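Structure record follows, encoded as structure tokens.
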Amino acid sequence: MKNKEIKQQARLRLKGQWGTVALFTLLFSSIFYLIPLIIEVNLSGGWSAWLNQPADELNGPTFSTFIITLVLLPLYIGYLWTFLSVIRTGEKINVSSLFQAFSEISTYVKILGAYLVMMVYLVLWSLLLLIPGIIKAFSYSQTYFVLKDHPDIGINAAIKKSRKLMDGYKWQFFVLQLSFLGWGILCVLSLGIGFFWLAPYMSASYAAFYNDRVNEHQAE
């Protein structure tokens with residue numbers, strides 16, 4: 001499918017539940033972003049100390065925030081997986097689906113492992129030049145979706161499947177992401193409120209892109 005059709009499918013699946021997905025995104029954001037922020041502020045000595053610290057200062061609280069965010073990473077994956085189910089079945093958003101990646105310890109560990117392995121690969125590729133690192137980032141972009149469909153495969157196998165799915169489609173995915181730039185600017189002008197609708201629209205579109213790639217790959 002072309003990107004226009006992918007985005008149209010995403011809008012069609014979200015039709016009638018835009019309010020629900022906005023609240024769903026608000027819940028996700030509150031947990032994923034606010035909890036690390038609150039902890040960092042407390043470790044910094046309060047709001048005043050946190051606001052006045054140098055912007056480039058890498059201290060204990062910042063490292064602690066990274067660890068907490070890493071621990072909460074499966075929450076973000078659960079958010080993505082929710083929209084994959086919405087695209088495939090048209091099911092209504094369910095709050096419990098946000099926590100699906102926490103359901104089994106093996107899934108939780110594999111998600112964290114996949115993140116760390118991909119980061120190592122991307123750093124190594126970026127040491128060569130920036131462009132190879134960016135290209136590989138697009139190659140690995142479907143890994144978490146692959147783990148949803150194939151929970152029993154290894155991390156490197158999931159990355160390899162992602163690379164195969166993205167072979168010849170990295171540019172299309174880049175353009176798909178770029179197509180939301182205008183909406184992103186409008187969301188900034190709305191003081192960020194618009195992101196509660198844009199984020200699910202983008203996530204559903206990315207899920208539709210992956211689902212289309214899987215269907216085409218199986219048909220080949």
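Ordering of the structure tokens sets the chain letters (A, B, ...), residue numbers begin anew at 1 in every chain, and ligands are numbered from 1 in the order given.
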
Closest contacts (segment 48-131 of chain A/segment 31-38 of chain A, max 9 Å, only C-alpha atoms) as a Markdown table:
```
| residue | atom | partner | partner_atom | distance |
| --- | --- | --- | --- | --- |
| A:Ser64 | CA | A:Pro36 | CA | 8.2 |
| A:Thr65 | CA | A:Pro36 | CA | 5.2 |
| A:Phe66 | CA | A:Pro36 | CA | 8.0 |
| A:Ile67 | CA | A:Pro36 | CA | 9.0 |
| A:Ile68 | CA | A:Pro36 | CA | 6.1 |
| A:Thr69 | CA | A:Pro36 | CA | 6.4 |
| A:Leu72 | CA | A:Phe32 | CA | 6.4 |
| A:Leu73 | CA | A:Phe32 | CA | 7.9 |
| A:Leu75 | CA | A:Phe32 | CA | 7.2 |
| A:Tyr76 | CA | A:Phe32 | CA | 7.5 |
```

Written file, previous selection with all heavy atoms, as a JSON list (two decimals), in the first residue's frame:
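Final output, again-v2.json:
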```json
[["chain", "number", "residue", "atom", "x", "y", "z"],
["A", 64, "SER", "N", 19.59, 7.93, 36.75],
["A", 64, "SER", "CA", 18.48, 7.21, 37.38],
["A", 64, "SER", "C", 17.24, 7.28, 36.51],
["A", 64, "SER", "O", 16.50, 6.30, 36.36],
["A", 64, "SER", "CB", 18.18, 7.80, 38.76],
["A", 64, "SER", "OG", 19.29, 7.68, 39.61],
["A", 65, "THR", "N", 17.01, 8.44, 35.90],
["A", 65, "THR", "CA", 15.86, 8.61, 35.02],
["A", 65, "THR", "C", 15.97, 7.69, 33.81],
["A", 65, "THR", "O", 14.97, 7.09, 33.37],
["A", 65, "THR", "CB", 15.75, 10.07, 34.54],
["A", 65, "THR", "OG1", 15.67, 10.92, 35.67],
["A", 65, "THR", "CG2", 14.52, 10.27, 33.68],
["A", 66, "PHE", "N", 17.18, 7.54, 33.27],
["A", 66, "PHE", "CA", 17.39, 6.64, 32.13],
["A", 66, "PHE", "C", 17.05, 5.20, 32.51],
["A", 66, "PHE", "O", 16.39, 4.49, 31.75],
["A", 66, "PHE", "CB", 18.84, 6.73, 31.67],
["A", 66, "PHE", "CG", 19.22, 5.65, 30.68],
["A", 66, "PHE", "CD1", 18.78, 5.71, 29.37],
["A", 66, "PHE", "CD2", 20.00, 4.57, 31.08],
["A", 66, "PHE", "CE1", 19.12, 4.71, 28.46],
["A", 66, "PHE", "CE2", 20.33, 3.57, 30.18],
["A", 66, "PHE", "CZ", 19.90, 3.64, 28.87],
["A", 67, "ILE", "N", 17.48, 4.78, 33.69],
["A", 67, "ILE", "CA", 17.21, 3.42, 34.16],
["A", 67, "ILE", "C", 15.72, 3.20, 34.33],
["A", 67, "ILE", "O", 15.16, 2.17, 33.91],
["A", 67, "ILE", "CB", 17.94, 3.14, 35.49],
["A", 67, "ILE", "CG1", 19.47, 3.20, 35.29],
["A", 67, "ILE", "CG2", 17.53, 1.79, 36.04],
["A", 67, "ILE", "CD1", 20.00, 2.20, 34.30],
["A", 68, "ILE", "N", 15.04, 4.19, 34.91],
["A", 68, "ILE", "CA", 13.59, 4.07, 35.13],
["A", 68, "ILE", "C", 12.86, 4.01, 33.80],
["A", 68, "ILE", "O", 11.93, 3.21, 33.61],
["A", 68, "ILE", "CB", 13.08, 5.26, 35.97],
["A", 68, "ILE", "CG1", 13.70, 5.19, 37.37],
["A", 68, "ILE", "CG2", 11.56, 5.23, 36.08],
["A", 68, "ILE", "CD1", 13.52, 6.45, 38.18],
["A", 69, "THR", "N", 13.29, 4.86, 32.86],
["A", 69, "THR", "CA", 12.68, 4.85, 31.52],
["A", 69, "THR", "C", 12.90, 3.51, 30.84],
["A", 69, "THR", "O", 12.01, 2.98, 30.16],
["A", 69, "THR", "CB", 13.25, 5.98, 30.65],
["A", 69, "THR", "OG1", 13.04, 7.24, 31.31],
["A", 69, "THR", "CG2", 12.60, 6.00, 29.29],
["A", 72, "LEU", "N", 10.54, 1.05, 32.13],
["A", 72, "LEU", "CA", 9.18, 1.29, 31.65],
["A", 72, "LEU", "C", 9.04, 1.10, 30.13],
["A", 72, "LEU", "O", 7.94, 1.24, 29.60],
["A", 72, "LEU", "CB", 8.75, 2.72, 32.00],
["A", 72, "LEU", "CG", 8.53, 3.01, 33.49],
["A", 72, "LEU", "CD1", 8.22, 4.50, 33.69],
["A", 72, "LEU", "CD2", 7.39, 2.17, 34.05],
["A", 73, "LEU", "N", 10.14, 0.77, 29.45],
["A", 73, "LEU", "CA", 10.11, 0.61, 28.01],
["A", 73, "LEU", "C", 9.01, -0.33, 27.51],
["A", 73, "LEU", "O", 8.33, -0.03, 26.53],
["A", 73, "LEU", "CB", 11.48, 0.12, 27.50],
["A", 73, "LEU", "CG", 11.58, -0.16, 26.00],
["A", 73, "LEU", "CD1", 11.37, 1.13, 25.20],
["A", 73, "LEU", "CD2", 12.92, -0.78, 25.65],
["A", 75, "LEU", "N", 6.18, -0.64, 28.49],
["A", 75, "LEU", "CA", 4.91, 0.10, 28.46],
["A", 75, "LEU", "C", 4.72, 0.75, 27.09],
["A", 75, "LEU", "O", 3.62, 0.73, 26.52],
["A", 75, "LEU", "CB", 4.91, 1.16, 29.56],
["A", 75, "LEU", "CG", 3.55, 1.81, 29.86],
["A", 75, "LEU", "CD1", 2.68, 0.84, 30.64],
["A", 75, "LEU", "CD2", 3.74, 3.09, 30.68],
["A", 76, "TYR", "N", 5.79, 1.30, 26.56],
["A", 76, "TYR", "CA", 5.75, 1.91, 25.23],
["A", 76, "TYR", "C", 5.48, 0.85, 24.17],
["A", 76, "TYR", "O", 4.70, 1.08, 23.22],
["A", 76, "TYR", "CB", 7.07, 2.62, 24.94],
["A", 76, "TYR", "CG", 7.25, 3.04, 23.50],
["A", 76, "TYR", "CD1", 6.45, 4.05, 22.95],
["A", 76, "TYR", "CD2", 8.20, 2.42, 22.67],
["A", 76, "TYR", "CE1", 6.59, 4.43, 21.63],
["A", 76, "TYR", "CE2", 8.35, 2.81, 21.36],
["A", 76, "TYR", "CZ", 7.54, 3.81, 20.84],
["A", 76, "TYR", "OH", 7.68, 4.18, 19.52]]
```

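Closest approach to Gly90 of chain A among A:Ser29, A:Ser141, A:Gln9, A:Gln172 is made by A:Gln9 (distances from only C-alpha atoms).
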
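The coordinates place atom CA of Phe28 of chain A at 22.9 Å from atom CA of Leu43 of chain A.
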
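A straight line drawn from atom CA of Ala204 of chain A to atom CA of Leu186 of chain A is 19.2 Å long.
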
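Our summary of the geometry notes that atom CA of Ile87 of chain A is positioned 26.2 Å from atom CA of Ile105 of chain A.
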
Cut-off 10 Å: closest segment 22-134 of chain A/segment 144-168 of chain A atom pairs per residue, using only C-alpha atoms, as CSV:
```
residue,atom,partner,partner_atom,distance
A:Pro74,CA,A:Tyr144,CA,9.8
A:Ile77,CA,A:Tyr144,CA,7.0
A:Gly78,CA,A:Lys148,CA,9.5
A:Leu80,CA,A:Phe145,CA,8.0
A:Trp81,CA,A:Phe145,CA,6.9
A:Leu84,CA,A:Phe145,CA,8.0
A:Ala101,CA,A:Lys148,CA,9.0
A:Ser106,CA,A:Pro151,CA,9.0
A:Thr107,CA,A:Pro151,CA,7.1
A:Lys110,CA,A:Ile155,CA,6.9
A:Ile111,CA,A:Tyr144,CA,7.3
A:Leu112,CA,A:Ile155,CA,10.0
A:Gly113,CA,A:Ile155,CA,7.2
A:Ala114,CA,A:Ile155,CA,5.6
A:Tyr115,CA,A:Tyr144,CA,8.9
A:Val117,CA,A:Ile155,CA,8.0
A:Met118,CA,A:Ile159,CA,8.1
```

For the residues selected in the previous step, produce a file with N, CA, C and O atoms as an mmCIF file, in the first residue's frame.
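Saved to selection26.cif:
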```cif
data_model
loop_
_atom_site.group_PDB
_atom_site.id
_atom_site.type_symbol
_atom_site.label_atom_id
_atom_site.label_comp_id
_atom_site.auth_asym_id
_atom_site.auth_seq_id
_atom_site.Cartn_x
_atom_site.Cartn_y
_atom_site.Cartn_z
ATOM 1 N N PRO A 74 8.785 -1.484 28.170
ATOM 2 C CA PRO A 74 7.710 -2.371 27.712
ATOM 3 C C PRO A 74 6.335 -1.709 27.705
ATOM 4 O O PRO A 74 5.443 -2.155 26.993
ATOM 5 N N ILE A 77 6.093 -0.319 24.338
ATOM 6 C CA ILE A 77 5.871 -1.411 23.380
ATOM 7 C C ILE A 77 4.416 -1.873 23.444
ATOM 8 O O ILE A 77 3.798 -2.166 22.415
ATOM 9 N N GLY A 78 3.871 -1.950 24.655
ATOM 10 C CA GLY A 78 2.467 -2.311 24.807
ATOM 11 C C GLY A 78 1.561 -1.309 24.105
ATOM 12 O O GLY A 78 0.525 -1.674 23.531
ATOM 13 N N LEU A 80 2.384 0.436 21.388
ATOM 14 C CA LEU A 80 2.496 0.147 19.961
ATOM 15 C C LEU A 80 1.707 -1.101 19.585
ATOM 16 O O LEU A 80 0.991 -1.121 18.576
ATOM 17 N N TRP A 81 1.841 -2.148 20.398
ATOM 18 C CA TRP A 81 1.154 -3.412 20.103
ATOM 19 C C TRP A 81 -0.366 -3.250 20.127
ATOM 20 O O TRP A 81 -1.081 -3.930 19.398
ATOM 21 N N LEU A 84 -1.461 -2.203 16.786
ATOM 22 C CA LEU A 84 -1.350 -3.284 15.814
ATOM 23 C C LEU A 84 -2.607 -4.151 15.869
ATOM 24 O O LEU A 84 -3.140 -4.550 14.827
ATOM 25 N N ALA A 101 2.941 -6.124 27.571
ATOM 26 C CA ALA A 101 4.340 -6.547 27.485
ATOM 27 C C ALA A 101 4.913 -6.929 28.843
ATOM 28 O O ALA A 101 6.005 -7.482 28.928
ATOM 29 N N SER A 106 9.575 -13.342 30.400
ATOM 30 C CA SER A 106 10.402 -13.609 29.215
ATOM 31 C C SER A 106 10.194 -12.523 28.158
ATOM 32 O O SER A 106 11.154 -12.106 27.492
ATOM 33 N N THR A 107 8.950 -12.070 28.002
ATOM 34 C CA THR A 107 8.651 -11.001 27.041
ATOM 35 C C THR A 107 9.295 -9.702 27.483
ATOM 36 O O THR A 107 9.899 -8.982 26.686
ATOM 37 N N LYS A 110 13.042 -9.872 26.963
ATOM 38 C CA LYS A 110 13.394 -9.862 25.544
ATOM 39 C C LYS A 110 13.266 -8.464 24.947
ATOM 40 O O LYS A 110 14.086 -8.061 24.109
ATOM 41 N N ILE A 111 12.274 -7.714 25.377
ATOM 42 C CA ILE A 111 12.100 -6.346 24.892
ATOM 43 C C ILE A 111 13.276 -5.476 25.323
ATOM 44 O O ILE A 111 13.846 -4.725 24.515
ATOM 45 N N LEU A 112 13.649 -5.584 26.588
ATOM 46 C CA LEU A 112 14.793 -4.821 27.077
ATOM 47 C C LEU A 112 16.069 -5.252 26.355
ATOM 48 O O LEU A 112 16.897 -4.412 25.984
ATOM 49 N N GLY A 113 16.213 -6.550 26.157
ATOM 50 C CA GLY A 113 17.385 -7.064 25.456
ATOM 51 C C GLY A 113 17.447 -6.568 24.026
ATOM 52 O O GLY A 113 18.510 -6.185 23.534
ATOM 53 N N ALA A 114 16.296 -6.559 23.348
ATOM 54 C CA ALA A 114 16.245 -6.087 21.959
ATOM 55 C C ALA A 114 16.643 -4.615 21.878
ATOM 56 O O ALA A 114 17.390 -4.211 20.977
ATOM 57 N N TYR A 115 16.170 -3.838 22.831
ATOM 58 C CA TYR A 115 16.516 -2.415 22.852
ATOM 59 C C TYR A 115 18.027 -2.220 23.003
ATOM 60 O O TYR A 115 18.649 -1.457 22.256
ATOM 61 N N VAL A 117 20.502 -4.409 22.465
ATOM 62 C CA VAL A 117 21.251 -4.957 21.335
ATOM 63 C C VAL A 117 21.194 -3.997 20.146
ATOM 64 O O VAL A 117 22.213 -3.733 19.493
ATOM 65 N N MET A 118 19.998 -3.469 19.862
ATOM 66 C CA MET A 118 19.874 -2.536 18.742
ATOM 67 C C MET A 118 20.669 -1.266 18.988
ATOM 68 O O MET A 118 21.275 -0.710 18.061
#
```

Show which residues sit within 9 Å of Tyr206 of chain A, as a PyMOL selection string. Count only C-alpha atoms, and ignore same-chain residues fewer than 3 positions away.
chain A and resi 6-7+10+80+83-84+173+176-177+201-203+209-211

Could you save the residues just selected, with N, CA, C and O atoms, as an mmCIF file, in the first residue's frame?
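Produced file out_20.cif, reproduced below:
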```cif
data_model
loop_
_atom_site.group_PDB
_atom_site.id
_atom_site.type_symbol
_atom_site.label_atom_id
_atom_site.label_comp_id
_atom_site.auth_asym_id
_atom_site.auth_seq_id
_atom_site.Cartn_x
_atom_site.Cartn_y
_atom_site.Cartn_z
ATOM 1 N N ILE A 6 -2.156 3.784 3.742
ATOM 2 C CA ILE A 6 -1.808 3.342 5.097
ATOM 3 C C ILE A 6 -2.414 4.279 6.133
ATOM 4 O O ILE A 6 -3.025 3.844 7.120
ATOM 5 N N LYS A 7 -2.268 5.568 5.920
ATOM 6 C CA LYS A 7 -2.813 6.560 6.852
ATOM 7 C C LYS A 7 -4.341 6.547 6.829
ATOM 8 O O LYS A 7 -4.989 6.750 7.860
ATOM 9 N N ALA A 10 -5.444 3.720 8.958
ATOM 10 C CA ALA A 10 -5.283 4.073 10.372
ATOM 11 C C ALA A 10 -6.454 4.932 10.839
ATOM 12 O O ALA A 10 -7.029 4.691 11.913
ATOM 13 N N LEU A 80 2.384 0.436 21.388
ATOM 14 C CA LEU A 80 2.496 0.147 19.961
ATOM 15 C C LEU A 80 1.707 -1.101 19.585
ATOM 16 O O LEU A 80 0.991 -1.121 18.576
ATOM 17 N N PHE A 83 -2.081 -0.774 19.030
ATOM 18 C CA PHE A 83 -2.547 -0.253 17.744
ATOM 19 C C PHE A 83 -2.368 -1.276 16.623
ATOM 20 O O PHE A 83 -3.100 -1.228 15.626
ATOM 21 N N LEU A 84 -1.461 -2.203 16.786
ATOM 22 C CA LEU A 84 -1.350 -3.284 15.814
ATOM 23 C C LEU A 84 -2.607 -4.151 15.869
ATOM 24 O O LEU A 84 -3.140 -4.550 14.827
ATOM 25 N N PHE A 173 9.084 4.290 4.566
ATOM 26 C CA PHE A 173 8.811 4.465 5.992
ATOM 27 C C PHE A 173 9.299 5.839 6.458
ATOM 28 O O PHE A 173 8.644 6.489 7.281
ATOM 29 N N LEU A 176 6.776 8.286 5.332
ATOM 30 C CA LEU A 176 5.593 8.161 6.177
ATOM 31 C C LEU A 176 5.775 8.946 7.467
ATOM 32 O O LEU A 176 4.883 9.689 7.898
ATOM 33 N N GLN A 177 6.926 8.803 8.087
ATOM 34 C CA GLN A 177 7.207 9.544 9.312
ATOM 35 C C GLN A 177 7.248 11.048 9.039
ATOM 36 O O GLN A 177 6.719 11.848 9.815
ATOM 37 N N TYR A 201 -2.529 8.381 16.111
ATOM 38 C CA TYR A 201 -2.639 8.379 14.646
ATOM 39 C C TYR A 201 -1.342 7.880 14.020
ATOM 40 O O TYR A 201 -1.346 7.033 13.114
ATOM 41 N N MET A 202 -0.220 8.368 14.521
ATOM 42 C CA MET A 202 1.079 7.930 14.028
ATOM 43 C C MET A 202 1.316 6.456 14.342
ATOM 44 O O MET A 202 1.761 5.689 13.475
ATOM 45 N N SER A 203 1.015 6.051 15.564
ATOM 46 C CA SER A 203 1.245 4.658 15.975
ATOM 47 C C SER A 203 0.395 3.693 15.162
ATOM 48 O O SER A 203 0.865 2.623 14.768
ATOM 49 N N PHE A 209 1.549 0.060 8.461
ATOM 50 C CA PHE A 209 2.697 -0.129 7.570
ATOM 51 C C PHE A 209 3.311 -1.509 7.795
ATOM 52 O O PHE A 209 3.569 -2.243 6.836
ATOM 53 N N TYR A 210 3.528 -1.860 9.063
ATOM 54 C CA TYR A 210 4.104 -3.169 9.381
ATOM 55 C C TYR A 210 3.185 -4.290 8.909
ATOM 56 O O TYR A 210 3.652 -5.256 8.281
ATOM 57 N N ASN A 211 1.896 -4.162 9.167
ATOM 58 C CA ASN A 211 0.958 -5.216 8.799
ATOM 59 C C ASN A 211 0.926 -5.404 7.288
ATOM 60 O O ASN A 211 0.851 -6.537 6.789
#
```

Residue nearest Leu27 of chain A among A:Ser96, A:Lys4, A:Arg88, A:Asn52 (counting only C-alpha atoms)
A:Ser96

So that I can see what lies close to Asn94 of chain A, please list as a ChimeraX atom specification the residues with an atom at most 12 Å from it, counting only C-alpha atoms and leaving out residues fewer than 4 positions away in the same chain.
/A:17,20-21,23-25,27,78-79,81-83,85-86,90,98-100

Based on DSSP run over this structure's backbone, return all residues of segment 59-186 of chain A in helix (DSSP H, G or I), as a ChimeraX atom specification.
/A:60-71,73-89,95-102,105-128,130-139,143-149,155-166,170-178,181-186

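Considering the residues A:Glu40, A:Ala208, A:His217, A:Pro132 and counting only C-alpha atoms, Arg13 of chain A has its shortest atom-to-atom contact with A:Ala208.
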